[in-house]
Structure formats: C-alpha cells, structure tokens
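The file start.txt contains compact mmCIF, C-alpha atoms:
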# COMPACT_ATOMS: atom_id res chain seq x y z
CA MET Z 1 -45.55 12.57 -3.47
CA THR Z 2 -44.52 14.13 -6.77
CA ASP Z 3 -44.06 17.81 -7.62
CA GLU Z 4 -47.27 17.46 -9.62
CA ASP Z 5 -49.09 16.44 -6.45
CA VAL Z 6 -47.48 19.24 -4.44
CA PHE Z 7 -48.50 22.02 -6.76
CA ALA Z 8 -51.85 20.58 -7.91
CA PRO Z 9 -53.95 22.55 -5.38
CA SER Z 10 -52.37 25.80 -6.50
CA ARG Z 11 -52.93 25.01 -10.15
CA ALA Z 12 -56.52 24.06 -9.44
CA ARG Z 13 -57.13 27.37 -7.73
CA HIS Z 14 -55.55 29.41 -10.51
CA GLY Z 15 -57.34 27.27 -13.07
CA ALA Z 16 -60.67 28.02 -11.42
CA ASP Z 17 -59.83 31.72 -11.46
CA ALA Z 18 -59.06 31.51 -15.16
CA ALA Z 19 -62.30 29.67 -15.89
CA ALA Z 20 -64.33 32.23 -14.00
CA SER Z 21 -62.70 35.13 -15.79
CA SER Z 22 -63.33 33.57 -19.19
CA THR Z 23 -67.09 33.82 -18.66
CA THR Z 24 -67.04 37.54 -17.99
CA ALA Z 25 -67.23 40.28 -20.57
CA PRO Z 26 -63.94 41.70 -21.85
CA SER Z 27 -62.61 44.59 -19.83
CA PRO Z 28 -62.79 48.01 -21.50
CA ASP Z 29 -59.06 48.29 -20.87
CA ALA Z 30 -58.22 44.88 -22.35
CA GLU Z 31 -55.82 44.79 -25.27
CA VAL Z 32 -57.48 43.63 -28.49
CA SER Z 33 -55.49 41.93 -31.23
CA PRO Z 34 -55.90 42.94 -34.89
CA GLY Z 35 -58.17 39.94 -35.40
CA GLY Z 36 -60.61 41.30 -32.85
CA THR Z 37 -59.83 38.81 -30.06
CA GLU Z 38 -58.87 39.83 -26.58
CA SER Z 39 -55.16 39.45 -25.82
CA SER Z 40 -54.02 37.56 -22.68
CA ALA Z 41 -50.85 39.62 -22.41
CA PHE Z 42 -52.21 41.43 -19.37
CA ILE Z 43 -53.95 40.01 -16.28
CA ALA Z 44 -56.43 42.19 -14.50
CA PRO Z 45 -55.54 42.66 -10.82
CA VAL Z 46 -57.67 40.82 -8.29
CA ALA Z 47 -58.66 42.60 -5.09
CA MET Z 48 -57.38 40.84 -1.97
CA GLU Z 49 -60.91 40.49 -0.63
CA ASN Z 50 -61.72 38.45 -3.75
CA ASP Z 51 -58.62 36.26 -3.35
CA PRO Z 52 -58.56 35.14 0.29
CA ASP Z 53 -55.49 32.93 -0.22
CA ALA Z 54 -53.27 35.91 -1.03
CA LEU Z 55 -51.28 37.36 1.86
CA PHE Z 56 -50.37 40.61 0.11
CA PRO Z 57 -51.15 42.31 -3.20
CA GLY Z 58 -49.67 40.35 -6.09
CA ASP Z 59 -49.02 37.28 -3.92
CA ARG Z 60 -48.29 34.22 -6.08
CA GLY Z 61 -47.09 31.98 -3.25
CA ILE Z 62 -48.87 28.75 -2.43
CA LEU Z 63 -47.65 28.10 1.13
CA ASP Z 64 -49.76 28.92 4.16
CA SER Z 65 -48.53 31.88 6.17
CA GLU Z 66 -47.23 29.73 9.05
CA VAL Z 67 -45.29 27.46 6.71
CA ARG Z 68 -43.79 30.49 5.00
CA ARG Z 69 -42.59 31.71 8.38
CA VAL Z 70 -40.86 28.40 9.06
CA LEU Z 71 -39.16 28.64 5.67
CA VAL Z 72 -37.96 32.15 6.52
CA ARG Z 73 -36.69 30.97 9.92
CA ILE Z 74 -34.66 28.26 8.21
CA LEU Z 75 -33.09 30.87 5.95
CA GLN Z 76 -32.50 33.33 8.78
CA ARG Z 77 -31.05 31.08 11.45
CA ARG Z 78 -28.12 28.72 11.69
CA PHE Z 79 -30.38 26.04 13.16
CA LEU Z 80 -33.97 25.28 13.94
CA SER Z 81 -34.21 23.34 17.19
CA ALA Z 82 -37.08 21.07 18.21
CA GLU Z 83 -36.37 21.88 21.87
CA ASN Z 84 -36.33 25.66 21.50
CA SER Z 85 -38.96 26.01 18.74
CA PRO Z 86 -41.41 23.10 19.13
CA ALA Z 87 -44.25 24.68 17.12
CA GLU Z 88 -42.01 25.54 14.18
CA TRP Z 89 -40.37 22.11 14.35
CA LYS Z 90 -43.79 20.43 14.14
CA LEU Z 91 -44.71 22.52 11.09
CA LEU Z 92 -41.36 21.75 9.48
CA LEU Z 93 -41.93 18.01 9.77
CA GLU Z 94 -45.51 18.27 8.51
CA HIS Z 95 -44.49 20.29 5.44
CA GLN Z 96 -40.90 19.10 5.03
CA GLN Z 97 -41.20 18.15 1.35
CA MET Z 98 -42.70 21.50 0.41
CA ILE Z 99 -40.04 23.44 2.33
CA GLU Z 100 -37.29 21.31 0.83
CA SER Z 101 -38.66 22.05 -2.62
CA ARG Z 102 -38.53 25.79 -1.99
CA LEU Z 103 -34.95 25.59 -0.70
CA ASN Z 104 -33.86 23.37 -3.56
CA ASP Z 105 -35.12 26.02 -5.97
CA LEU Z 106 -32.41 28.22 -4.41
CA PHE Z 107 -29.72 25.49 -4.64
CA VAL Z 108 -29.92 25.02 -0.88
CA ARG Z 109 -30.31 21.65 0.83
CA LEU Z 110 -32.32 21.07 4.03
CA VAL Z 111 -30.84 18.67 6.59
CA VAL Z 112 -33.17 17.37 9.30
CA ASP Z 113 -31.50 15.46 12.13
CA HIS Z 114 -34.40 13.74 13.89
CA ALA Z 115 -32.22 12.09 16.51
CA ARG Z 116 -30.86 15.39 17.78
CA GLY Z 117 -33.95 17.42 16.94
CA VAL Z 118 -32.21 19.98 14.79
CA ALA Z 119 -32.58 21.20 11.21
CA TYR Z 120 -30.16 23.33 9.22
CA LYS Z 121 -29.33 24.24 5.66
CA GLU Z 122 -26.39 23.55 3.35
CA GLN Z 123 -25.26 25.26 0.21
CA VAL Z 124 -25.46 22.90 -2.77
CA ARG Z 125 -22.17 22.66 -4.64
CA SER Z 126 -21.53 20.75 -7.83
CA ASP Z 127 -18.74 20.22 -10.33
CA GLU Z 128 -21.30 19.29 -12.95
CA ILE Z 129 -23.44 22.41 -13.07
CA ASP Z 130 -22.90 26.09 -12.42
CA VAL Z 131 -24.44 26.72 -9.00
CA PRO Z 132 -24.88 30.32 -7.81
CA ILE Z 133 -23.80 30.60 -4.17
CA LEU Z 134 -26.43 32.05 -1.87
CA LEU Z 135 -25.00 31.23 1.56
CA LYS Z 136 -21.76 32.70 2.77
CA ASP Z 137 -19.04 30.58 4.34
CA GLU Z 138 -17.60 31.93 7.56
CA ALA Z 139 -15.13 30.05 9.71
CA TYR Z 140 -15.13 30.34 13.48
CA SER Z 141 -12.40 32.45 15.01
CA ARG Z 142 -9.57 30.76 16.83
CA ALA Z 143 -11.02 31.51 20.26
CA GLU Z 144 -14.43 30.23 19.17
CA THR Z 145 -12.84 27.07 17.82
CA LEU Z 146 -10.98 26.45 21.06
CA VAL Z 147 -14.15 26.90 23.08
CA LEU Z 148 -16.04 24.58 20.73
CA VAL Z 149 -13.46 21.82 21.08
CA TYR Z 150 -13.54 22.07 24.86
CA LEU Z 151 -17.35 22.04 24.95
CA ARG Z 152 -17.42 19.04 22.62
CA THR Z 153 -14.98 17.21 24.87
CA VAL Z 154 -17.05 17.86 27.98
CA PHE Z 155 -20.26 16.86 26.18
CA GLN Z 156 -18.73 13.61 24.97
CA ARG Z 157 -17.34 12.77 28.40
CA GLU Z 158 -20.61 13.48 30.22
CA THR Z 159 -22.90 11.70 27.77
CA THR Z 160 -20.60 8.68 27.66
CA ALA Z 161 -20.84 8.53 31.45
CA GLY Z 162 -24.63 8.50 31.15
CA THR Z 163 -25.26 12.06 32.30
CA ALA Z 164 -28.49 13.47 30.88
CA SER Z 165 -27.09 16.96 30.27
CA ALA Z 166 -23.59 18.38 30.17
CA ARG Z 167 -22.94 21.73 31.87
CA VAL Z 168 -19.96 24.02 32.24
CA ASP Z 169 -19.12 27.20 34.11
CA VAL Z 170 -17.66 30.13 32.24
CA GLU Z 171 -14.64 30.19 34.57
CA GLU Z 172 -13.98 26.53 33.82
CA VAL Z 173 -14.08 27.13 30.06
CA GLU Z 174 -11.94 30.23 30.35
CA GLN Z 175 -9.32 28.61 32.57
CA THR Z 176 -8.84 25.67 30.23
CA VAL Z 177 -8.94 27.52 26.91
CA LEU Z 178 -6.52 30.22 28.04
CA THR Z 179 -3.93 27.52 28.65
CA TYR Z 180 -3.59 27.07 24.91
CA PHE Z 181 -3.01 30.69 23.96
CA ALA Z 182 0.54 31.62 23.03
CA GLU Z 183 2.38 34.51 24.68
CA THR Z 184 2.17 36.35 21.36
CA ASP Z 185 -1.64 36.25 21.42
CA GLY Z 186 -1.97 39.53 23.28
CA THR Z 187 -2.45 40.30 26.93
CA ARG Z 188 -4.26 37.99 29.29
CA ALA Z 189 -7.10 40.50 29.49
CA SER Z 190 -7.56 40.52 25.69
CA GLN Z 191 -7.46 36.71 25.66
CA GLN Z 192 -10.16 36.60 28.33
CA ARG Z 193 -12.32 38.97 26.32
CA ALA Z 194 -11.90 36.77 23.23
CA VAL Z 195 -13.04 33.69 25.16
CA ARG Z 196 -16.03 35.48 26.69
CA THR Z 197 -17.02 36.84 23.28
CA ALA Z 198 -16.80 33.32 21.83
CA ILE Z 199 -19.03 31.96 24.60
CA ALA Z 200 -21.58 34.71 23.99
CA ARG Z 201 -21.71 33.92 20.27
CA LEU Z 202 -22.19 30.20 20.83
CA ASP Z 203 -24.96 31.06 23.28
CA ARG Z 204 -26.72 33.20 20.65
CA GLU Z 205 -26.45 30.41 18.11
CA GLY Z 206 -28.06 27.89 20.45
CA ILE Z 207 -25.04 25.61 20.87
CA ILE Z 208 -25.00 26.39 24.57
CA GLU Z 209 -27.71 27.89 26.77
CA GLU Z 210 -27.15 30.00 29.86
CA GLU Z 211 -29.25 28.50 32.66
CA SER Z 212 -27.97 30.79 35.40
CA GLU Z 213 -25.36 33.51 35.46
CA GLY Z 214 -22.10 32.06 34.18
CA ARG Z 215 -23.40 28.46 33.94
CA TYR Z 216 -24.24 26.91 30.57
CA ARG Z 217 -25.89 23.74 29.37
CA ILE Z 218 -24.27 22.22 26.28
CA GLY Z 219 -26.89 21.23 23.72
CA PRO Z 220 -26.75 18.32 21.24
CA LEU Z 221 -25.96 20.81 18.48
CA ILE Z 222 -22.34 20.57 19.55
CA GLU Z 223 -22.22 17.10 17.98
CA VAL Z 224 -23.40 18.54 14.69
CA VAL Z 225 -21.03 21.47 14.81
CA LEU Z 226 -18.02 19.30 15.63
CA SER Z 227 -18.12 15.69 14.51
CA ALA Z 228 -16.39 12.94 16.47
CA GLU Z 229 -14.06 12.31 13.54
CA THR Z 230 -12.96 15.94 13.38
CA LEU Z 231 -12.56 16.01 17.15
CA ARG Z 232 -10.20 13.00 17.04
CA GLU Z 233 -8.10 14.62 14.35
CA LEU Z 234 -7.88 17.81 16.38
CA GLN Z 235 -6.87 15.81 19.45
CA LEU Z 236 -3.98 14.26 17.56
CA TRP Z 237 -2.93 17.63 16.23
CA LEU Z 238 -3.11 19.22 19.67
CA GLU Z 239 -1.07 16.43 21.25
CA GLU Z 240 1.58 16.96 18.61
CA GLN Z 241 1.61 20.71 19.26
CA THR Z 242 1.91 20.09 22.99
CA ARG Z 243 4.88 17.77 22.48
CA ASP Z 244 6.57 20.34 20.27
CA ALA Z 245 5.96 23.01 22.89
CA ASP Z 246 7.41 20.74 25.56
CA SER Z 247 10.63 20.22 23.65
CA SER Z 248 11.08 23.90 22.82
CA ARG Z 249 10.46 25.36 26.26
CA GLU Z 250 13.08 25.49 28.94
CA GLY Z 251 12.29 22.81 31.44
CA GLY Z 252 9.46 21.47 29.25
CA VAL Z 253 6.84 22.94 31.58
CA VAL Z 254 3.27 22.37 30.50
CA THR Z 255 0.56 22.70 33.08
CA SER Z 256 -1.13 19.58 34.32
CA ALA Z 257 -4.42 21.12 33.26
CA SER Z 258 -3.17 21.30 29.68
CA ASP Z 259 -2.00 17.71 29.75
CA GLU Z 260 -5.27 16.51 31.21
CA HIS Z 261 -7.45 18.26 28.65
CA THR Z 262 -5.15 17.35 25.78
CA GLN Z 263 -5.65 13.69 26.63
CA ASP Z 264 -9.39 14.21 26.94
CA ALA Z 265 -9.98 15.98 23.71
CA GLY Z 266 -7.65 18.79 22.95
CA SER Z 267 -9.55 21.84 23.82
CA SER Z 268 -7.69 24.40 21.80
CA HIS Z 269 -4.68 25.41 19.93
CA GLU Z 270 -1.69 27.72 19.64
CA GLY Z 271 -1.37 30.18 16.83
CA GLY Z 272 -4.57 29.66 14.90
CA VAL Z 273 -3.76 26.32 13.25
CA LEU Z 274 -6.81 24.74 14.78
CA ALA Z 275 -9.11 26.96 12.78
CA SER Z 276 -7.27 25.89 9.63
CA ALA Z 277 -7.69 22.27 10.59
CA LEU Z 278 -11.39 22.85 10.98
CA ASP Z 279 -11.65 24.53 7.60
CA GLU Z 280 -10.26 21.39 5.99
CA HIS Z 281 -13.16 19.41 7.39
CA THR Z 282 -16.01 21.67 6.46
CA GLN Z 283 -17.52 18.95 4.32
CA ASP Z 284 -17.78 16.73 7.39
CA ALA Z 285 -19.56 19.06 9.67
CA GLU Z 286 -21.43 22.34 9.48
CA ALA Z 287 -20.75 24.87 12.05
CA ALA Z 288 -23.61 26.97 13.06
CA GLY Z 289 -24.00 29.01 11.35
CA ASP Z 290 -26.60 28.61 9.86
CA ARG Z 291 -21.10 29.29 7.42
CA GLU Z 292 -18.62 26.68 6.78
CA VAL Z 293 -16.78 25.38 9.75
CA ALA Z 294 -16.40 22.03 11.37
CA ALA Z 295 -19.96 21.31 12.14
CA SER Z 296 -22.52 19.14 10.49
CA GLY Z 297 -20.42 19.69 7.50
CA THR Z 298 -20.36 23.40 7.95
CA PHE Z 299 -23.20 25.38 9.02
CA GLU Z 300 -24.08 27.48 6.16
CA GLY Z 301 -24.86 30.93 7.33
CA ASP Z 302 -27.02 33.78 6.31
CA PRO Z 303 -27.79 34.65 2.70
CA ARG Z 304 -25.25 37.08 1.31
Just give me the structure of the file as structure tokens.
Amino acid sequence: MTDEDVFAPSRARHGADAAASSTTAPSPDAEVSPGGTESSAFIAPVAMENDPDALFPGDRGILDSEVRRVLVRILQRRFLSAENSPAEWKLLLEHQQMIESRLNDLFVRLVVDHARGVAYKEQVRSDEIDVPILLKDEAYSRAETLVLVYLRTVFQRETTAGTASARVDVEEVEQTVLTYFAETDGTRASQQRAVRTAIARLDREGIIEEESEGRYRIGPLIEVVLSAETLRELQLWLEEQTRDADSSREGGVVTSASDEHTQDAGSSHEGGVLASALDEHTQDAEAAGDREVAASGTFEGDPR
C-alpha cells in the first residue's frame, strides 16, 4: 500500500467538503480580492456536529480514536506487549503501516517483534541528514544492570531447559547481585535498597511481573533488553573482573555463589563498569525504556 492509498480516504472526505462549500453563497465575512472574487485565505469553521469524523474542534487527524490511542501508548511506554495489552496489540497489527507512518514523520522507527509479542520505538539517527532527536537516551543504573544480567541468565537457563516460564524470588536476586558490589559501594543496607529499587523499576516496565509477594515471572522482554551477544561479552568481562579480584585479595576468597553465577552468565559487576559496557552496545539492544541501554538496541524512552 502506498502513502497515496493510505491518505486517499482523508483527501476524499476533505475534497467532498470543499465541493460542497463551493456551491454555497459566499459568506458575508469572506475576504474579497480586488477583482471581486472570494479569497480562499480563510476557511470557515465547521461545527463538530457537521463533521462527525472530528474528535475535537479543529481536528485534522485521519486516524480513528482507538488507533490514535495505540499511537499515544507507543510514544508513552517503553514497550507494548501482546500479553499485557491484547486489544491494543491487535489494533497495532491491523494499522501497523499507518502508525509507522506517523512515527516516521517524527523520525522515530517502530519495531514489532512478532515472535516475542512486543513492540517498541527507536530514535532514527543518520549521518546523512540532520535528524532532530525526540527520544531521550537513559542508561540503566549499575544496580539495574546487575539485576538485568542476572534475570537474563536465569531466563536463558530455564528456557534452554524447556521450562515454560522463568521465575525468581526477590531474595534470590538480592543475594546474588549483592555479591558483586564492592566494599566502597556503601553500606549493605543501601546496596539492598538499590537492588530492590531496580527490581521495582523493571517490574513497572514490564520486564518482570510480580505474581505473588516477592516472586516474579521473567518475561520475554528480557531477551530484547539484553541480547545474547551482549550477555556473552558481559560474562567475559565479569570473569576477568573476578580473576582480578581473586589475585588482589588476601587468600583469593570469592564466594562459591559468585563463581557459580559468573560461569552461568555474570550477573553483575564491581564499580559501575558493567553499565559502561552496556552503553557501548546500545545499537545492539534497546533497554526499556521505551532510553538507550543494552536492550533491543536500546529502548528509546519518553519524548523529551
């Protein structure tokens, strides 16, 4: 379907309005040119009751109200999930080309992952043309990154084993992630708060879902937020950091839990380097949000 096809109904409607108005007598308020002909510089307002397609006074949009709402949801949220928003997902697929056109007008690209049932947006960037940036880039904090890596590891392990859904307890996440904090990262209480805050944010963004108090299901969005390639690179980095820590500590004591999770997938980092590593791979994976972080490139976030 071409743009001509997409906008033809709108043009037909406005064309019919123009034809109808041309048969009426000139308005007393119409501007008249020196030659005595009526000027088209001004358009007489049309009452909403005479223009049923308009949703508000002065409305020039052509999308139905429900489709407009889906477009707004795409702009508002990090993701649109088929599982959590089935009605909006159905409308998105039915009107995908129209919604893409509207986003493209704003230099924003729509990505629809049918396999995982998730849609998100990306900021268009180009070296060839000057592109105004609408979406802000916001990296995950270190604690959020550590939690993400651990969740991604668990999800990969469980799905590889054939488990339908991967689940974690908040104590399990906390216990593992805290192992990778350095002594200079504040008190244990402040570290715990950082991990809990990270879990709460990922819950709000739909990456995990609390099924019962303290127990979360990891959704397929985690694969979009953190690609397998980025995860492997972080594993290598984390193993290197663990070896360095071993050689610098007296006795080379590293907890067995740390060793186990480092081999599995490196579920965090010391000193904030992990977040930097993720920033380098923003083109590979967007990270929720709706922000540029290792996730389906980087999840572009909210409009500025």
Contacts of Z:Glu144 at 9 Å or less, counting only C-alpha atoms, minus same-chain residues fewer than 3 places along, as a list of chain:residue names? Z:Tyr140, Z:Ser141, Z:Val147, Z:Leu148, Z:Val149, Z:Ala194, Z:Val195, Z:Thr197, Z:Ala198, Z:Ile199, Z:Arg201, Z:Leu202, Z:Ala275
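In this model, the gap between atom CA of Z:Asp113 and atom CA of Z:Ser65 comes to 24.4 Å.
Comparing Z:Gln175, Z:Gln156, Z:Gln97, Z:Asn104 by their smallest distance to Z:Ser227, the closest is Z:Gln156 (using all atoms listed in the file).
Once Z:Gly206 and its same-chain neighbours fewer than 5 positions away are set aside, Arg77, Arg78, Phe79, Leu80, Ser81, Ala82, Glu83, Asn84, Ser85, Val118, Ile199, Ala200, Arg201, Tyr216, Arg217, Ile218, Gly219, Pro220, Leu221, Ile222, Val224, Val225, Ala287, Ala288, Gly289 and Asp290 of chain Z remain within 12 Å of it when counting only C-alpha atoms.
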Closest of Z:Glu174, Z:Asp169, Z:Asp130, Z:Asp64 to Z:Leu146, counting only C-alpha atoms, is Z:Glu174
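Atom pair atom CA of Z:Ile129 / atom CA of Z:Phe107 has a distance of 11.0 Å (rounded to one decimal).
Proximity to Z:Glu213 was assessed for Z:Asp127, Z:Glu171, Z:Glu66, Z:Asp185 counting all atoms listed in the file; the smallest distance is recorded for Z:Glu171.
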